[in-house]
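So this one's run-v5.cif, mmCIF, C-alpha atoms:
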data_run
loop_
_atom_site.label_atom_id
_atom_site.label_comp_id
_atom_site.auth_asym_id
_atom_site.auth_seq_id
_atom_site.Cartn_x
_atom_site.Cartn_y
_atom_site.Cartn_z
CA MET A 1 -26.06 -22.15 12.34
CA ILE A 2 -24.23 -19.33 10.65
CA LYS A 3 -20.69 -19.18 9.37
CA VAL A 4 -18.39 -16.57 10.89
CA ASN A 5 -15.00 -16.33 9.18
CA GLY A 6 -15.35 -19.90 8.04
CA GLU A 7 -16.37 -21.32 11.43
CA GLU A 8 -19.83 -22.67 12.23
CA LYS A 9 -21.37 -20.60 15.05
CA ASN A 10 -24.73 -20.52 16.71
CA TYR A 11 -25.64 -16.85 16.49
CA VAL A 12 -28.97 -17.31 14.68
CA ASN A 13 -31.39 -14.51 15.64
CA CYS A 14 -28.62 -12.42 17.19
CA ASN A 15 -27.91 -9.05 15.70
CA ILE A 16 -24.43 -8.14 14.46
CA LEU A 17 -23.68 -5.95 17.47
CA GLU A 18 -24.39 -8.88 19.80
CA LEU A 19 -22.17 -11.11 17.68
CA ILE A 20 -19.20 -8.77 17.75
CA ASP A 21 -19.66 -7.94 21.44
CA ASN A 22 -19.58 -11.66 22.11
CA ILE A 23 -16.30 -12.07 20.24
CA GLU A 24 -15.08 -8.93 22.06
CA LEU A 25 -14.32 -6.87 19.00
CA ASP A 26 -14.22 -3.10 18.72
CA LYS A 27 -16.93 -2.28 16.21
CA ASN A 28 -15.02 0.78 14.99
CA ARG A 29 -12.07 -1.32 13.90
CA ILE A 30 -13.83 -3.97 11.88
CA VAL A 31 -15.98 -4.27 8.81
CA VAL A 32 -18.72 -6.87 8.53
CA GLU A 33 -19.96 -8.51 5.39
CA VAL A 34 -23.01 -10.79 5.37
CA ASN A 35 -23.47 -12.96 2.27
CA LYS A 36 -20.96 -10.70 0.48
CA VAL A 37 -22.89 -7.52 1.26
CA ILE A 38 -21.19 -4.93 3.49
CA ILE A 39 -23.30 -4.00 6.50
CA PRO A 40 -22.69 -0.40 7.66
CA ARG A 41 -21.78 -0.01 11.36
CA THR A 42 -24.90 2.03 11.95
CA GLN A 43 -27.02 -1.02 11.08
CA PHE A 44 -25.21 -3.50 13.33
CA ASP A 45 -27.85 -3.40 16.05
CA ASN A 46 -30.84 -3.92 13.81
CA TYR A 47 -29.42 -6.51 11.43
CA THR A 48 -30.61 -9.92 12.63
CA LEU A 49 -28.56 -12.92 11.53
CA GLN A 50 -30.46 -15.75 9.85
CA ASP A 51 -29.72 -19.46 9.57
CA LYS A 52 -27.06 -20.18 6.92
CA ASP A 53 -25.83 -16.57 6.77
CA VAL A 54 -22.17 -16.33 5.83
CA VAL A 55 -20.48 -13.61 7.86
CA GLU A 56 -17.01 -12.24 7.22
CA ILE A 57 -15.46 -9.96 9.84
CA VAL A 58 -12.31 -8.23 8.63
CA HIS A 59 -9.85 -5.73 9.99
CA PHE A 60 -6.56 -4.09 9.08
CA VAL A 61 -3.30 -5.92 9.62
CA GLY A 62 0.27 -4.96 8.81
CA GLY A 63 1.00 -5.05 5.09
CA GLY A 64 3.06 -3.47 2.36
CA MET B 1 4.73 18.23 -2.70
CA LEU B 2 3.48 14.76 -3.55
CA LYS B 3 -0.15 14.99 -4.65
CA LEU B 4 -2.50 12.00 -4.57
CA GLY B 5 -6.12 12.87 -5.31
CA GLU B 6 -6.87 15.89 -3.14
CA HIS B 7 -4.16 14.97 -0.61
CA GLU B 8 -0.75 16.65 -0.49
CA PHE B 9 2.32 15.30 1.26
CA GLU B 10 5.72 16.74 2.19
CA SER B 11 7.25 13.30 2.58
CA ARG B 12 8.04 11.20 -0.46
CA LEU B 13 8.62 8.00 1.47
CA ILE B 14 5.65 5.69 1.98
CA ILE B 15 6.16 3.03 4.61
CA GLY B 16 4.63 -0.43 4.83
CA SER B 17 3.43 -1.86 8.13
CA GLY B 18 4.05 -5.55 7.44
CA LYS B 19 6.73 -7.93 8.73
CA PHE B 20 7.74 -6.06 11.89
CA SER B 21 9.09 -8.50 14.45
CA ASN B 22 7.33 -6.45 17.09
CA ASN B 23 4.49 -4.03 16.31
CA ALA B 24 5.51 -1.92 19.31
CA LEU B 25 8.47 -0.71 17.23
CA MET B 26 6.21 0.81 14.63
CA PRO B 27 5.46 4.24 16.11
CA GLU B 28 9.15 5.07 16.45
CA VAL B 29 9.99 3.62 13.04
CA ILE B 30 7.23 5.59 11.36
CA ARG B 31 8.34 8.79 13.10
CA ALA B 32 11.95 8.20 12.05
CA SER B 33 10.89 7.61 8.43
CA GLY B 34 9.03 10.91 8.29
CA ALA B 35 6.38 9.08 6.25
CA GLU B 36 2.90 10.55 6.11
CA ILE B 37 1.36 7.51 4.46
CA VAL B 38 1.35 3.96 5.85
CA THR B 39 0.14 0.92 3.95
CA LEU B 40 -2.01 -1.79 5.49
CA ALA B 41 -3.66 -5.00 4.44
CA LEU B 42 -7.17 -6.29 5.14
CA ARG B 43 -7.66 -9.76 6.57
CA ARG B 44 -10.17 -11.89 8.42
CA VAL B 45 -10.28 -11.29 12.16
CA ASN B 46 -8.90 -14.24 14.11
CA LEU B 47 -11.89 -15.10 16.31
CA LYS B 48 -9.73 -16.57 19.07
CA ASP B 49 -6.87 -14.10 19.20
CA ASN B 50 -7.74 -10.57 18.16
CA LYS B 51 -6.54 -8.34 20.95
CA GLU B 52 -3.64 -6.72 19.10
CA ASN B 53 -4.72 -4.32 16.37
CA VAL B 54 -2.21 -2.77 14.00
CA LEU B 55 -4.05 0.56 14.21
CA ASN B 56 -2.89 0.85 17.83
CA PHE B 57 0.66 1.27 16.55
CA ILE B 58 0.15 3.85 13.83
CA PRO B 59 0.49 7.44 15.05
CA VAL B 60 -2.63 9.58 14.70
CA GLY B 61 -2.63 11.87 11.69
CA LEU B 62 -1.00 9.50 9.22
CA LEU B 63 -2.89 8.65 6.10
CA LEU B 64 -3.74 4.97 5.82
CA LEU B 65 -3.31 3.36 2.43
CA PRO B 66 -4.97 -0.07 2.38
CA ASN B 67 -3.84 -2.53 -0.25
CA THR B 68 -5.87 -5.26 -1.90
CA SER B 69 -3.29 -7.98 -1.24
CA GLY B 70 -4.84 -11.41 -1.34
CA ALA B 71 -6.84 -10.52 -4.44
CA ARG B 72 -6.21 -12.86 -7.39
CA ASN B 73 -8.40 -11.03 -9.87
CA ALA B 74 -10.20 -7.72 -10.39
CA GLU B 75 -13.39 -8.88 -8.70
CA GLU B 76 -11.59 -9.83 -5.49
CA ALA B 77 -9.62 -6.57 -5.50
CA ILE B 78 -12.85 -4.60 -5.82
CA ARG B 79 -14.38 -6.51 -2.91
CA ILE B 80 -11.35 -5.84 -0.69
CA ALA B 81 -11.29 -2.17 -1.73
CA ARG B 82 -14.94 -1.69 -0.76
CA LEU B 83 -14.40 -3.42 2.60
CA SER B 84 -11.34 -1.25 3.26
CA LYS B 85 -13.23 1.94 2.47
CA GLU B 86 -15.93 0.91 4.95
CA MET B 87 -13.26 1.00 7.68
CA GLY B 88 -13.67 4.76 7.40
CA CYS B 89 -10.10 5.79 6.66
CA GLY B 90 -10.72 7.52 3.37
CA SER B 91 -10.91 6.43 -0.22
CA LEU B 92 -7.28 5.77 -1.11
CA ILE B 93 -6.59 2.23 -2.28
CA LYS B 94 -3.50 0.49 -3.55
CA ILE B 95 -4.65 -2.10 -6.08
CA GLU B 96 -2.61 -5.25 -5.83
CA VAL B 97 -3.77 -8.24 -7.89
CA ILE B 98 -1.46 -11.23 -7.72
CA ASN B 99 -1.92 -14.77 -8.93
CA ASP B 100 1.73 -15.74 -9.27
CA SER B 101 2.98 -17.35 -6.08
CA LYS B 102 6.69 -17.54 -6.87
CA TYR B 103 7.58 -14.01 -7.93
CA LEU B 104 4.38 -12.31 -6.76
CA MET B 105 4.16 -10.40 -10.03
CA PRO B 106 1.03 -8.26 -10.28
CA ASP B 107 -1.53 -9.07 -12.99
CA ASN B 108 -1.61 -5.83 -14.95
CA GLU B 109 -4.70 -6.70 -16.97
CA GLU B 110 -6.86 -7.42 -13.92
CA THR B 111 -5.39 -4.33 -12.26
CA ILE B 112 -6.61 -2.11 -15.10
CA LYS B 113 -10.12 -3.63 -14.83
CA ALA B 114 -10.27 -3.07 -11.07
CA THR B 115 -8.91 0.47 -11.39
CA GLU B 116 -11.52 1.50 -13.93
CA ILE B 117 -14.41 0.30 -11.77
CA LEU B 118 -13.08 1.69 -8.49
CA VAL B 119 -12.33 5.11 -9.98
CA LYS B 120 -15.98 5.28 -11.05
CA GLU B 121 -16.97 4.48 -7.46
CA GLY B 122 -14.95 7.46 -6.22
CA PHE B 123 -11.80 5.74 -5.01
CA ILE B 124 -8.38 7.35 -5.31
CA VAL B 125 -6.69 4.43 -7.00
CA LEU B 126 -2.97 3.69 -6.84
CA PRO B 127 -2.32 0.60 -8.98
CA TYR B 128 0.71 -1.60 -8.29
CA ILE B 129 2.05 -2.94 -11.58
CA THR B 130 4.76 -4.82 -13.35
CA PRO B 131 6.36 -1.78 -15.04
CA ASP B 132 4.96 -1.24 -18.54
CA LEU B 133 4.46 2.02 -20.41
CA ILE B 134 1.33 0.99 -22.30
CA VAL B 135 -0.30 -0.38 -19.17
CA SER B 136 0.55 2.90 -17.41
CA ARG B 137 -1.15 4.87 -20.20
CA LYS B 138 -4.25 2.72 -19.91
CA LEU B 139 -4.29 3.20 -16.14
CA ARG B 140 -3.98 6.96 -16.59
CA ASP B 141 -6.81 6.90 -19.11
CA VAL B 142 -9.16 5.08 -16.74
CA GLY B 143 -8.41 7.57 -13.95
CA ALA B 144 -5.64 6.18 -11.75
CA SER B 145 -4.20 8.80 -9.39
CA ALA B 146 -0.64 7.43 -9.51
CA ILE B 147 1.32 4.54 -10.96
CA MET B 148 3.15 2.17 -8.63
CA PRO B 149 5.67 0.15 -10.65
CA LEU B 150 7.73 -2.49 -8.87
CA GLY B 151 11.51 -2.24 -8.58
CA SER B 152 11.99 -6.01 -8.17
CA PRO B 153 9.87 -8.80 -6.67
CA ILE B 154 8.13 -7.98 -3.38
CA GLY B 155 10.26 -8.59 -0.33
CA SER B 156 13.29 -9.60 -2.41
CA ASN B 157 15.48 -6.58 -1.52
CA ARG B 158 16.95 -6.94 -5.03
CA GLY B 159 16.72 -3.24 -5.72
CA PHE B 160 15.75 -1.05 -8.66
CA GLN B 161 16.02 -3.58 -11.49
CA THR B 162 13.26 -2.09 -13.62
CA LYS B 163 14.89 1.32 -13.99
CA GLU B 164 14.79 1.63 -17.76
CA ILE B 165 11.04 0.99 -18.02
CA VAL B 166 10.24 3.10 -14.96
CA ARG B 167 12.24 5.93 -16.57
CA LEU B 168 9.88 5.84 -19.56
CA ILE B 169 6.84 5.88 -17.29
CA VAL B 170 8.22 8.90 -15.42
CA GLU B 171 8.88 10.72 -18.70
CA GLU B 172 5.63 9.88 -20.44
CA ILE B 173 2.93 9.66 -17.81
CA ASN B 174 1.81 12.85 -16.17
CA LEU B 175 0.91 11.20 -12.87
CA PRO B 176 2.90 10.65 -9.68
CA VAL B 177 5.09 7.54 -10.05
CA ILE B 178 5.71 5.69 -6.80
CA LEU B 179 8.41 3.04 -6.94
CA ASP B 180 7.10 0.11 -4.93
CA ALA B 181 8.56 -3.25 -3.94
CA GLY B 182 12.01 -4.75 -3.91
CA ILE B 183 13.91 -1.68 -2.75
CA GLY B 184 16.48 -3.09 -0.36
CA LYS B 185 18.88 -0.21 0.28
CA PRO B 186 18.59 3.53 0.82
CA SER B 187 20.98 4.07 -2.11
CA GLN B 188 18.47 2.38 -4.43
CA ALA B 189 15.69 4.64 -3.19
CA CYS B 190 17.96 7.63 -3.73
CA ASP B 191 18.79 6.45 -7.25
CA ALA B 192 15.09 6.28 -8.13
CA MET B 193 14.39 9.70 -6.65
CA GLU B 194 17.34 11.26 -8.54
CA MET B 195 15.82 9.89 -11.72
CA GLY B 196 12.54 11.67 -11.03
CA VAL B 197 10.31 9.09 -9.42
CA ASP B 198 7.85 11.03 -7.22
CA ALA B 199 7.97 8.75 -4.18
CA VAL B 200 9.26 5.42 -2.95
CA MET B 201 7.39 2.82 -0.96
CA VAL B 202 9.44 0.65 1.41
CA ASN B 203 8.46 -2.10 3.80
CA THR B 204 10.71 -5.18 3.99
CA ALA B 205 14.02 -3.31 3.92
CA ILE B 206 13.02 -1.31 6.98
CA ALA B 207 10.93 -3.85 8.88
CA THR B 208 13.45 -6.68 8.64
CA SER B 209 16.56 -4.61 9.33
CA ASP B 210 18.41 -5.24 12.60
CA ASN B 211 17.61 -1.66 13.51
CA PRO B 212 14.36 -0.61 11.82
CA VAL B 213 14.38 2.88 13.41
CA GLU B 214 17.80 3.75 12.03
CA MET B 215 17.00 2.14 8.68
CA ALA B 216 13.82 4.21 8.47
CA ARG B 217 15.90 7.33 9.07
CA ALA B 218 18.41 6.24 6.41
CA PHE B 219 15.61 5.82 3.86
CA LYS B 220 14.15 9.19 4.81
CA LEU B 221 17.46 10.92 4.18
CA ALA B 222 18.09 8.98 0.96
CA VAL B 223 14.69 9.86 -0.47
CA GLU B 224 15.15 13.51 0.46
CA ALA B 225 18.65 13.62 -1.01
CA GLY B 226 17.47 12.04 -4.24
CA ARG B 227 14.61 14.49 -4.59
CA ILE B 228 16.82 17.50 -3.92
CA ALA B 229 19.27 16.24 -6.56
CA PHE B 230 16.46 15.73 -9.07
CA GLU B 231 15.15 19.24 -8.51
CA ALA B 232 18.65 20.72 -8.70
CA LYS B 233 19.14 18.84 -12.00
CA LEU B 234 22.04 16.46 -12.41
CA GLY B 235 25.11 17.53 -14.38
CA LEU B 236 25.80 16.12 -17.84
CA THR B 237 27.56 12.79 -18.21
CA ARG B 238 30.50 12.66 -20.63
CA GLU B 239 32.60 9.98 -22.27
CA SER B 240 35.95 11.57 -21.33
CA ALA B 241 37.35 13.59 -18.46
CA VAL B 242 36.83 17.30 -17.94
CA ALA B 243 39.18 18.73 -15.32
CA SER B 244 37.54 20.22 -12.27
CA SER B 245 40.66 22.19 -11.32
CA PRO B 246 42.09 24.97 -13.49
CA LEU B 247 44.47 23.79 -16.23
CA THR B 248 46.67 26.86 -15.93
CA GLY B 249 49.00 28.26 -13.28
CA PHE B 250 50.80 24.98 -12.49
CA LEU B 251 54.08 25.21 -10.51
CA ASP B 252 57.21 25.40 -12.64
CA GLU B 253 55.08 26.27 -15.66
#
Once more with this new file: its structure as structure tokens, please.
Amino acid sequence: MIKVNGEEKNYVNCNILELIDNIELDKNRIVVEVNKVIIPRTQFDNYTLQDKDVVEIVHFVGGG
Amino acid sequence: MLKLGEHEFESRLIIGSGKFSNNALMPEVIRASGAEIVTLALRRVNLKDNKENVLNFIPVGLLLLPNTSGARNAEEAIRIARLSKEMGCGSLIKIEVINDSKYLMPDNEETIKATEILVKEGFIVLPYITPDLIVSRKLRDVGASAIMPLGSPIGSNRGFQTKEIVRLIVEEINLPVILDAGIGKPSQACDAMEMGVDAVMVNTAIATSDNPVEMARAFKLAVEAGRIAFEAKLGLTRESAVASSPLTGFLDE
């Protein structure tokens, strides 16, 4: 299992692009961090998620 | 012109994108404000409900200024800044480090630490601070591109309560000074601009007004009026009266 934004998910052996397609996110409007390391968008399709990876997917929201 | 890093702006009103009752209002509000810079925050995507994206409501061509809200120390601010930069909207960042939940006062010491590191990484850093002249000097010395002192606690609409300290920062620090937080009325924004603040950042006062479009326009005009007055230079203040009308040629003289 991996953790995505704090939730346990079974995306082991998926790449990041598959993960975000599955959650139906626009890859140009998010940033992905795996184990506190930012993964550039260009590497989404060849970064394979491993068991126990901690993934954070963030985006912009309204703020002051 | 307001200059931040290599960017130049005609408008001296920066608008925040938080707290709108309906994001669909934002394009018209932003247009009415004349703002060229919009602030944003960075948060986790909600995995179940993520269809509405704030970027859909910000007109193309505006400069996005992400903040590091949510950061409680320098390390967290740096992490949020790096994530924000990866969004691909440029290298401006408003450093906001807060670990006080009642008044939301920024932690100046952690803010200086974060600023120093992020400047070295190539960010254009705009630190949000509790107004303090010495802290402002330190921020200038580590390479901040502007100083963002607060007027009163975030979201309080209590106005420009920190005027005397901000006045010193404006006089002493050769960087743009952007009054941020607590400005509740256009007259308060105008007051700050008349005094020589370079720009004003407003969110709550506009977003939570009954008519955010008209309030955005009111702030636009107030900021412009204040700037024009500052550039024209205010007249002297005196202790006693000086007649504006001639003191000769009265009837029956």
Given the file shown, determine the residues that the PyMOL selection byres ((chain A and resi 15) around 7) selects; report them as a VMD selection string. chain A and resid 13 to 14 16 to 19 44 to 49
Next, write the just-selected residues to a file, as a compact mmCIF listing (two decimals), keeping the file's coordinate frame, keeping C-alpha atoms as the atom set.
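Generated output (out10.txt):
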# COMPACT_ATOMS: atom_id res chain seq x y z
CA ASN A 13 -31.39 -14.51 15.64
CA CYS A 14 -28.62 -12.42 17.19
CA ILE A 16 -24.43 -8.14 14.46
CA LEU A 17 -23.68 -5.95 17.47
CA GLU A 18 -24.39 -8.88 19.80
CA LEU A 19 -22.17 -11.11 17.68
CA PHE A 44 -25.21 -3.50 13.33
CA ASP A 45 -27.85 -3.40 16.05
CA ASN A 46 -30.84 -3.92 13.81
CA TYR A 47 -29.42 -6.51 11.43
CA THR A 48 -30.61 -9.92 12.63
CA LEU A 49 -28.56 -12.92 11.53
With the file shown as input, list the residues that the PyMOL selection byres ((chain A and resi 30) around 8) selects, as a list of chain:residue names. A:Leu25, A:Asp26, A:Lys27, A:Asn28, A:Arg29, A:Val31, A:Val32, A:Ile57, A:Val58, A:His59, A:Phe60, B:Met87
Sorted by chain and rising residue number, list the residues of chain B at most 9 Å from chain A (counting all atoms listed in the file), each with its closest atom pair and distance in Å to one decimal, as JSON lines.
{"residue": "B:Ile15", "atom": "CA", "partner": "A:Gly64", "partner_atom": "CA", "distance": 7.5}
{"residue": "B:Gly16", "atom": "CA", "partner": "A:Gly64", "partner_atom": "CA", "distance": 4.2}
{"residue": "B:Ser17", "atom": "CA", "partner": "A:Gly62", "partner_atom": "CA", "distance": 4.5}
{"residue": "B:Gly18", "atom": "CA", "partner": "A:Gly63", "partner_atom": "CA", "distance": 3.9}
{"residue": "B:Lys19", "atom": "CA", "partner": "A:Gly62", "partner_atom": "CA", "distance": 7.1}
{"residue": "B:Phe20", "atom": "CA", "partner": "A:Gly62", "partner_atom": "CA", "distance": 8.2}
{"residue": "B:Asn23", "atom": "CA", "partner": "A:Gly62", "partner_atom": "CA", "distance": 8.7}
{"residue": "B:Val38", "atom": "CA", "partner": "A:Gly64", "partner_atom": "CA", "distance": 8.4}
{"residue": "B:Thr39", "atom": "CA", "partner": "A:Gly64", "partner_atom": "CA", "distance": 5.5}
{"residue": "B:Leu40", "atom": "CA", "partner": "A:Gly63", "partner_atom": "CA", "distance": 4.5}
{"residue": "B:Ala41", "atom": "CA", "partner": "A:Gly63", "partner_atom": "CA", "distance": 4.7}
{"residue": "B:Leu42", "atom": "CA", "partner": "A:Phe60", "partner_atom": "CA", "distance": 4.6}
{"residue": "B:Arg43", "atom": "CA", "partner": "A:Val58", "partner_atom": "CA", "distance": 5.3}
{"residue": "B:Arg44", "atom": "CA", "partner": "A:Val58", "partner_atom": "CA", "distance": 4.2}
{"residue": "B:Val45", "atom": "CA", "partner": "A:Val58", "partner_atom": "CA", "distance": 5.1}
{"residue": "B:Asn46", "atom": "CA", "partner": "A:Asn5", "partner_atom": "CA", "distance": 8.1}
{"residue": "B:Leu47", "atom": "CA", "partner": "A:Ile23", "partner_atom": "CA", "distance": 6.6}
{"residue": "B:Lys48", "atom": "CA", "partner": "A:Ile23", "partner_atom": "CA", "distance": 8.0}
{"residue": "B:Asn50", "atom": "CA", "partner": "A:Leu25", "partner_atom": "CA", "distance": 7.6}
{"residue": "B:Lys51", "atom": "CA", "partner": "A:Leu25", "partner_atom": "CA", "distance": 8.2}
{"residue": "B:Asn53", "atom": "CA", "partner": "A:Val61", "partner_atom": "CA", "distance": 7.1}
{"residue": "B:Val54", "atom": "CA", "partner": "A:Val61", "partner_atom": "CA", "distance": 5.5}
{"residue": "B:Leu55", "atom": "CA", "partner": "A:Phe60", "partner_atom": "CA", "distance": 7.4}
{"residue": "B:Pro66", "atom": "CA", "partner": "A:Phe60", "partner_atom": "CA", "distance": 8.0}
{"residue": "B:Asn67", "atom": "CA", "partner": "A:Gly64", "partner_atom": "CA", "distance": 7.4}
{"residue": "B:Ser69", "atom": "CA", "partner": "A:Gly63", "partner_atom": "CA", "distance": 8.2}
{"residue": "B:Arg79", "atom": "CA", "partner": "A:Lys36", "partner_atom": "CA", "distance": 8.5}
{"residue": "B:Arg82", "atom": "CA", "partner": "A:Ile38", "partner_atom": "CA", "distance": 8.2}
{"residue": "B:Leu83", "atom": "CA", "partner": "A:Val31", "partner_atom": "CA", "distance": 6.5}
{"residue": "B:Ser84", "atom": "CA", "partner": "A:Val31", "partner_atom": "CA", "distance": 7.8}
{"residue": "B:Glu86", "atom": "CA", "partner": "A:Val31", "partner_atom": "CA", "distance": 6.5}
{"residue": "B:Met87", "atom": "CA", "partner": "A:Val31", "partner_atom": "CA", "distance": 6.0}
{"residue": "B:Gly88", "atom": "CA", "partner": "A:Asn28", "partner_atom": "CA", "distance": 8.7}
{"residue": "B:Ile154", "atom": "CA", "partner": "A:Gly64", "partner_atom": "CA", "distance": 8.9}
{"residue": "B:Ala181", "atom": "CA", "partner": "A:Gly64", "partner_atom": "CA", "distance": 8.4}
{"residue": "B:Met201", "atom": "CA", "partner": "A:Gly64", "partner_atom": "CA", "distance": 8.3}
{"residue": "B:Val202", "atom": "CA", "partner": "A:Gly64", "partner_atom": "CA", "distance": 7.7}
{"residue": "B:Asn203", "atom": "CA", "partner": "A:Gly64", "partner_atom": "CA", "distance": 5.8}
{"residue": "B:Thr204", "atom": "CA", "partner": "A:Gly64", "partner_atom": "CA", "distance": 8.0}
Rank B:Ala114, B:Ile58, B:Leu25, B:Val170 by their smallest atom-to-atom distance to Thr208 in chain B, using all atoms listed in the file, and report the top residue only.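 Result for the nearest residue to Thr208 in chain B: B:Leu25.
Applied to the file shown here, the PyMOL selection byres ((chain B and resi 185) around 9) selects Asn157, Arg158, Gly159, Ile183, Gly184, Pro186, Ser187, Gln188, Ala189, Cys190, Ala205, Ile206, Met215, Ala218 and Phe219 of chain B.
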Out of B:Val200, B:Phe57, B:Met105, B:Val142, which residue has the shortest atom-to-atom distance to Glu28 in chain B when counting all atoms listed in the file? B:Phe57
Please list, as number ranges by chain, the residues that have an atom at most 10 Å away from (-29.8, -22.5, 3.3) in the coordinates of this file, counting only C-alpha atoms. A: 1-2, 50-53
For Glu76 in chain B, list every protein, DNA or RNA residue within 9 Å, evaluated using all atoms listed in the file, and leave out those in the same chain fewer than 6 positions away; present the list as a PyMOL selection string. chain B and resi 68+70+97+114
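Between CA of Glu96 in chain B and CA of Leu168 in chain B the separation is 21.6 Å.
As for CA of Lys163 in chain B and CA of Val197 in chain B, they are spaced 10.1 Å apart.
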In Å to one decimal, how far is CA of Asp191 in chain B from CA of Leu65 in chain B?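 Taking CA of Leu65 in chain B and CA of Asp191 in chain B, their separation equals 24.3 Å.
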For Ile30 in chain B, which residue among B:Ile147, B:Leu62, B:Val125, B:Lys120 is the nearest when counting all atoms listed in the file?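 Looking only at the distances to Ile30 in chain B, the closest residue turns out to be B:Leu62.
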